[in-house]
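Data block below; observations after.
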Amino acid sequence: MHLLIVILLLWTLPLHAQERVEVDVELFLAADVSRSMQPFELEIQRRGYAAALSSTEVQNALSGGMLGRIAITYVEWAGAGSQRIIVPWTMIQSQADADRVARQITARFDDGLRRTSISSVLDYASASIAANQYIGLRRVIDISGDGPNNMGPPVTEARDRVLAQGITINGLPLMTHGADSFSRWSIPDLDAYYTACVIGGIGAFVLPVTDWAEFEGAIRRKLVLEIAAQPDRIYHAQATAPYNCMIGEQIWERNRDIFAFP
């Protein structure tokens with residue numbers, strides 16, 4: 001009778017351990033689509049991720065893992081509560097799998113969303129990782145962005161909540177703004193901001209992009225580093241000195257009367 005009760009209890013548990021698939025890494029790809037990103041930049045971003053995932057370099061890194069498979073999700077983000085799932089959690093263990101995910105990413109191109117809340121997408125990503133059907137030997141949030149946090153909780157508080165769960169956060173600061181009006185919402189040393197305020201965890205790194213022509217190559221290198229876990233090839237930011245991690249919120253308050261949204 002006791003054995004029957006135990007069996008029934010196990011059947012009622014969500015996501016039994018035996019139902020969860022073990023993978024080398026659970027990789028949450030978080031792509032910035034705030035309105036400081038122009039439509040052509042949004043398209044470059046999606047095409048860059050798709051091309052990188054299908055590349056020979058990424059496939060070689062994947063097949064060289066202990067298990068030879070990873071789980072990824074591709075989510076676009078902007079302000080607090082603004083997260084858009086483009087690819088739900090999916091396992092990749094072959095070139096065909098990678099190509100299928102690449103097609104999902106580029107199946108359509110959507111408009112941008114309002115504001116910039118790195119903190120909200122970090123909390124969203126950690127919850128998504130906890131709820132998925134995979135068990136990763138490593139868990140990584142890969143976040144791209146073209147400006148500092150200006151909405152939601154302080155970014156350092158969200159970062160620390162994520163790191164407490166043993167999840168690594170890597171950053172891809174997009175430092176591509178010229179003299180356009182949206183550059184007022186960003187900062188010239190965004191890579192230093194990401195280093196001091198956003199990333200963390202075992203092997204965490206920042207890989208800045210200063211020209212959109214570099215984007216696909218940067219994503220490819222970043223994915224290889226994350227999948228293969230090669231800490232000897234880390235790309236460092238400009239500086240790691242103490243930093244004002246509330247600078248984005250302060251810029252927003254200073255400029256909010258000029259534009260209704262960043």
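Ligands are numbered from 1 in the order shown, residues from 1 within each chain, and chains are lettered A, B, ... in the order they appear in the structure tokens.
Near Ser186 of chain A, within 9 Å and counting only C-alpha atoms, sit Ser36, Asp146, Gly147, Pro148, Met175, His177, Phe182, Leu190, Gly248 and Ile251 of chain A, not including residues fewer than 4 positions from it in the same chain.
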Just write the chosen residues, N, CA, C and O atoms, as an mmCIF file, in the first residue's frame.
```cif
data_model
loop_
_atom_site.group_PDB
_atom_site.id
_atom_site.type_symbol
_atom_site.label_atom_id
_atom_site.label_comp_id
_atom_site.auth_asym_id
_atom_site.auth_seq_id
_atom_site.Cartn_x
_atom_site.Cartn_y
_atom_site.Cartn_z
ATOM 1 N N SER A 36 15.292 51.960 -29.458
ATOM 2 C CA SER A 36 16.550 52.563 -29.879
ATOM 3 C C SER A 36 17.212 51.735 -30.964
ATOM 4 O O SER A 36 18.168 52.180 -31.597
ATOM 5 N N ASP A 146 21.719 47.485 -26.306
ATOM 6 C CA ASP A 146 22.402 48.681 -26.793
ATOM 7 C C ASP A 146 22.325 49.849 -25.819
ATOM 8 O O ASP A 146 22.645 50.985 -26.176
ATOM 9 N N GLY A 147 21.910 49.583 -24.586
ATOM 10 C CA GLY A 147 21.848 50.651 -23.604
ATOM 11 C C GLY A 147 21.728 50.089 -22.200
ATOM 12 O O GLY A 147 21.469 48.898 -22.011
ATOM 13 N N PRO A 148 21.895 50.930 -21.181
ATOM 14 C CA PRO A 148 21.786 50.491 -19.797
ATOM 15 C C PRO A 148 20.331 50.345 -19.359
ATOM 16 O O PRO A 148 19.413 50.843 -20.016
ATOM 17 N N MET A 175 27.475 48.502 -29.219
ATOM 18 C CA MET A 175 27.993 49.868 -29.149
ATOM 19 C C MET A 175 28.087 50.444 -30.558
ATOM 20 O O MET A 175 29.146 50.839 -31.040
ATOM 21 N N HIS A 177 25.825 52.894 -31.926
ATOM 22 C CA HIS A 177 25.121 54.152 -32.149
ATOM 23 C C HIS A 177 26.050 55.213 -32.724
ATOM 24 O O HIS A 177 27.157 55.406 -32.241
ATOM 25 N N PHE A 182 18.700 58.503 -30.822
ATOM 26 C CA PHE A 182 18.576 57.508 -29.773
ATOM 27 C C PHE A 182 19.873 57.305 -29.003
ATOM 28 O O PHE A 182 19.878 56.664 -27.958
ATOM 29 N N LEU A 190 29.527 51.220 -22.737
ATOM 30 C CA LEU A 190 28.509 50.225 -22.400
ATOM 31 C C LEU A 190 29.136 48.886 -22.030
ATOM 32 O O LEU A 190 28.582 48.144 -21.209
ATOM 33 N N GLY A 248 21.572 54.354 -16.236
ATOM 34 C CA GLY A 248 20.480 54.308 -17.202
ATOM 35 C C GLY A 248 19.219 54.956 -16.674
ATOM 36 O O GLY A 248 18.534 55.698 -17.397
ATOM 37 N N ILE A 251 19.747 58.711 -16.741
ATOM 38 C CA ILE A 251 19.621 59.248 -18.101
ATOM 39 C C ILE A 251 18.151 59.346 -18.489
ATOM 40 O O ILE A 251 17.711 60.328 -19.097
#
```
Practice prompt. Mind checking which residues fall within 7 Å of segment 165-174 of chain A, counting only C-alpha atoms, ignoring those fewer than 2 positions away in the same chain, and posting them as a list in words?
Written response: Arg139, Val140, Ile141, Asp142, Ile143, Ser144, Gly145, Asp146, Arg161, Val162, Leu163, Thr176, Leu190, Asp191, Tyr194, Ile199, Gly200, Gly201, Ile202, Ala204, Phe205, Val206, Leu207, Pro208, Val209 and Thr210 of chain A
Practice prompt. Might you pull out every residue within 10 Å of Ala218 of chain A, with only C-alpha atoms counted and same-chain residues fewer than 2 positions away left off, and present them as a count of residues only?
Written response: 17
Would you mind listing what lies within 8 Å of Glu26 of chain A as a JSON list (two decimals) with C-alpha atoms, in the first residue's frame, with only C-alpha atoms counted and same-chain residues fewer than 4 positions away left out?
```json
[["chain", "number", "residue", "atom", "x", "y", "z"],
["A", 70, "ILE", "CA", 22.19, 21.75, -25.92],
["A", 71, "ALA", "CA", 18.85, 23.38, -25.15],
["A", 72, "ILE", "CA", 18.18, 26.95, -26.25],
["A", 129, "ILE", "CA", 15.32, 28.14, -17.11],
["A", 134, "TYR", "CA", 15.98, 20.25, -19.51],
["A", 135, "ILE", "CA", 18.78, 19.77, -17.00],
["A", 136, "GLY", "CA", 21.95, 21.50, -18.12],
["A", 137, "LEU", "CA", 25.44, 20.74, -16.91],
["A", 138, "ARG", "CA", 25.71, 24.53, -17.23],
["A", 139, "ARG", "CA", 23.04, 27.25, -17.40],
["A", 140, "VAL", "CA", 23.75, 30.49, -19.24]]
```
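Minimum distance to Glu43 of chain A across A:Arg108, A:Arg115, A:Arg20, A:Arg84 (counting only C-alpha atoms) occurs at A:Arg108.
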Practice prompt. Mind the document's chain letters and residue numbers, and return as a PyMOL selection string the residues of segment 12-229 of chain A that DSSP labels strand (DSSP E).
Written response: chain A and resi 21-32+70-77+83-92+134-145+168-173
What does the file look like for those residues with N, CA and C atoms, as a CSV table (one decimal), in the first residue's frame?
```
chain,number,residue,atom,x,y,z
A,21,VAL,N,15.4,16.2,-19.8
A,21,VAL,CA,16.5,15.7,-20.7
A,21,VAL,C,17.8,16.4,-20.3
A,22,GLU,N,18.8,15.7,-20.1
A,22,GLU,CA,20.1,16.3,-19.7
A,22,GLU,C,20.8,16.8,-21.0
A,23,VAL,N,21.4,18.0,-20.8
A,23,VAL,CA,22.1,18.6,-22.0
A,23,VAL,C,23.4,19.3,-21.4
A,24,ASP,N,24.3,19.6,-22.4
A,24,ASP,CA,25.5,20.2,-22.0
A,24,ASP,C,25.3,21.6,-21.4
A,25,VAL,N,24.4,22.4,-22.0
A,25,VAL,CA,24.1,23.7,-21.5
A,25,VAL,C,22.7,24.1,-21.8
A,26,GLU,N,22.0,24.8,-20.9
A,26,GLU,CA,20.8,25.5,-21.2
A,26,GLU,C,21.1,26.9,-21.5
A,27,LEU,N,20.8,27.3,-22.7
A,27,LEU,CA,21.3,28.7,-23.2
A,27,LEU,C,20.1,29.5,-23.5
A,28,PHE,N,19.9,30.6,-22.7
A,28,PHE,CA,18.8,31.5,-22.9
A,28,PHE,C,19.3,32.7,-23.7
A,29,LEU,N,18.9,32.8,-25.0
A,29,LEU,CA,19.4,33.9,-25.8
A,29,LEU,C,18.4,35.1,-25.7
A,30,ALA,N,18.9,36.2,-25.1
A,30,ALA,CA,18.0,37.4,-24.9
A,30,ALA,C,18.5,38.5,-25.8
A,31,ALA,N,17.6,38.9,-26.8
A,31,ALA,CA,18.0,39.8,-27.8
A,31,ALA,C,17.2,41.1,-27.6
A,32,ASP,N,17.9,42.2,-27.5
A,32,ASP,CA,17.3,43.6,-27.2
A,32,ASP,C,16.5,44.0,-28.5
A,70,ILE,N,22.5,20.6,-26.7
A,70,ILE,CA,22.2,21.7,-25.9
A,70,ILE,C,20.7,22.1,-26.0
A,71,ALA,N,20.2,22.9,-25.1
A,71,ALA,CA,18.9,23.4,-25.1
A,71,ALA,C,18.9,24.9,-25.2
A,72,ILE,N,18.2,25.5,-26.1
A,72,ILE,CA,18.2,27.0,-26.3
A,72,ILE,C,16.8,27.5,-26.4
A,73,THR,N,16.6,28.7,-26.0
A,73,THR,CA,15.4,29.5,-26.3
A,73,THR,C,15.9,30.9,-26.8
A,74,TYR,N,15.1,31.5,-27.7
A,74,TYR,CA,15.5,32.8,-28.3
A,74,TYR,C,14.3,33.7,-27.9
A,75,VAL,N,14.6,34.7,-27.1
A,75,VAL,CA,13.6,35.6,-26.6
A,75,VAL,C,14.0,37.1,-26.8
A,76,GLU,N,13.1,37.9,-27.4
A,76,GLU,CA,13.4,39.3,-27.6
A,76,GLU,C,12.8,40.1,-26.4
A,77,TRP,N,13.5,41.1,-26.0
A,77,TRP,CA,13.1,41.9,-24.8
A,77,TRP,C,13.2,43.4,-24.9
A,83,GLN,N,8.6,40.8,-23.0
A,83,GLN,CA,9.5,39.7,-23.5
A,83,GLN,C,8.7,38.9,-24.5
A,84,ARG,N,9.3,38.6,-25.6
A,84,ARG,CA,8.6,38.0,-26.8
A,84,ARG,C,9.4,36.7,-27.2
A,85,ILE,N,8.7,35.6,-27.0
A,85,ILE,CA,9.4,34.3,-27.3
A,85,ILE,C,9.3,34.1,-28.8
A,86,ILE,N,10.5,34.0,-29.4
A,86,ILE,CA,10.6,33.7,-30.8
A,86,ILE,C,10.8,32.2,-31.1
A,87,VAL,N,11.7,31.6,-30.2
A,87,VAL,CA,11.9,30.1,-30.3
A,87,VAL,C,11.7,29.6,-28.9
A,88,PRO,N,10.7,28.8,-28.6
A,88,PRO,CA,10.6,28.2,-27.2
A,88,PRO,C,11.8,27.2,-27.0
A,89,TRP,N,11.9,26.8,-25.8
A,89,TRP,CA,13.0,25.9,-25.4
A,89,TRP,C,13.0,24.7,-26.4
A,90,THR,N,14.1,24.5,-27.0
A,90,THR,CA,14.3,23.5,-28.0
A,90,THR,C,15.7,22.8,-27.9
A,91,MET,N,15.8,21.5,-28.1
A,91,MET,CA,17.1,20.8,-28.1
A,91,MET,C,17.7,20.8,-29.4
A,92,ILE,N,19.0,21.1,-29.5
A,92,ILE,CA,19.8,21.0,-30.7
A,92,ILE,C,20.9,20.0,-30.5
A,134,TYR,N,14.6,20.7,-19.3
A,134,TYR,CA,16.0,20.3,-19.5
A,134,TYR,C,16.8,20.4,-18.2
A,135,ILE,N,17.8,19.6,-18.1
A,135,ILE,CA,18.8,19.8,-17.0
A,135,ILE,C,20.1,20.0,-17.6
A,136,GLY,N,20.7,21.2,-17.5
A,136,GLY,CA,22.0,21.5,-18.1
A,136,GLY,C,23.1,21.3,-17.2
A,137,LEU,N,24.2,20.8,-17.7
A,137,LEU,CA,25.4,20.7,-16.9
A,137,LEU,C,25.9,22.2,-16.6
A,138,ARG,N,25.5,23.1,-17.5
A,138,ARG,CA,25.7,24.5,-17.2
A,138,ARG,C,24.4,25.3,-17.7
A,139,ARG,N,24.2,26.4,-17.0
A,139,ARG,CA,23.0,27.2,-17.4
A,139,ARG,C,23.5,28.7,-17.6
A,140,VAL,N,23.2,29.2,-18.8
A,140,VAL,CA,23.7,30.5,-19.2
A,140,VAL,C,22.7,31.4,-19.8
A,141,ILE,N,22.7,32.7,-19.4
A,141,ILE,CA,21.9,33.7,-20.0
A,141,ILE,C,22.8,34.5,-20.9
A,142,ASP,N,22.5,34.6,-22.1
A,142,ASP,CA,23.3,35.4,-23.1
A,142,ASP,C,22.5,36.6,-23.5
A,143,ILE,N,22.8,37.8,-23.0
A,143,ILE,CA,22.0,39.0,-23.2
A,143,ILE,C,22.7,40.0,-24.1
A,144,SER,N,22.1,40.4,-25.1
A,144,SER,CA,22.6,41.5,-26.0
A,144,SER,C,21.7,42.8,-25.6
A,145,GLY,N,22.4,44.0,-25.8
A,145,GLY,CA,21.7,45.2,-25.5
A,145,GLY,C,22.4,46.4,-26.0
A,168,THR,N,25.1,31.5,-15.1
A,168,THR,CA,26.1,32.5,-15.6
A,168,THR,C,25.4,33.5,-16.5
A,169,ILE,N,25.8,34.7,-16.5
A,169,ILE,CA,25.3,35.8,-17.4
A,169,ILE,C,26.4,36.3,-18.2
A,170,ASN,N,26.3,36.2,-19.5
A,170,ASN,CA,27.2,36.8,-20.5
A,170,ASN,C,26.6,38.0,-21.2
A,171,GLY,N,27.4,38.9,-21.6
A,171,GLY,CA,26.9,40.1,-22.3
A,171,GLY,C,27.5,40.4,-23.7
A,172,LEU,N,26.6,40.9,-24.5
A,172,LEU,CA,27.0,41.3,-25.9
A,172,LEU,C,26.5,42.8,-26.0
A,173,PRO,N,27.2,43.8,-25.5
A,173,PRO,CA,26.9,45.2,-25.6
A,173,PRO,C,27.0,45.6,-27.0
```
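If only C-alpha atoms are the atoms counted, then among A:Ala78, A:Ala229, A:Val198, A:Ala192 the closest residue to Leu62 of chain A is A:Ala229.
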Item to complete: List every residue of segment 33-218 of chain A that DSSP, applied to the backbone of this structure, places in helix (DSSP H, G or I), and write the result as JSON, numbers by chain.
Response: {"A": [39, 40, 41, 42, 43, 44, 45, 46, 47, 48, 49, 50, 51, 52, 53, 54, 56, 57, 58, 59, 60, 61, 62, 63, 95, 96, 97, 98, 99, 100, 101, 102, 103, 104, 105, 118, 119, 120, 121, 122, 123, 124, 125, 126, 127, 128, 129, 130, 131, 155, 156, 157, 158, 159, 160, 161, 162, 163, 181, 182, 183, 184, 185, 190, 191, 192, 193, 194, 195, 196, 197, 198, 212, 213, 214, 215, 216, 217, 218]}
Discussion item. Report as a VMD selection string all protein, DNA and RNA residues lying within 10 Å of Gly81 of chain A, evaluated on only C-alpha atoms, omitting residues in the same chain fewer than 4 positions from it.
Written reply: chain A and resid 77 117 120 to 121 124 152
Response to the item:
The residue from A:Arg159, A:Arg69, A:Arg256, A:Arg46 with the smallest atom-to-atom distance to Ile118 of chain A, counting only C-alpha atoms, is A:Arg159
Fill in: Contacts of segment 99-102 of chain A at 6 Å (only C-alpha atoms; same-chain gap of 3+ positions) as a ChimeraX atom specification
/A:50,54,96,105
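When atom CA of Cys197 of chain A is paired with atom CA of Pro39 of chain A, their separation reads 27.6 Å.
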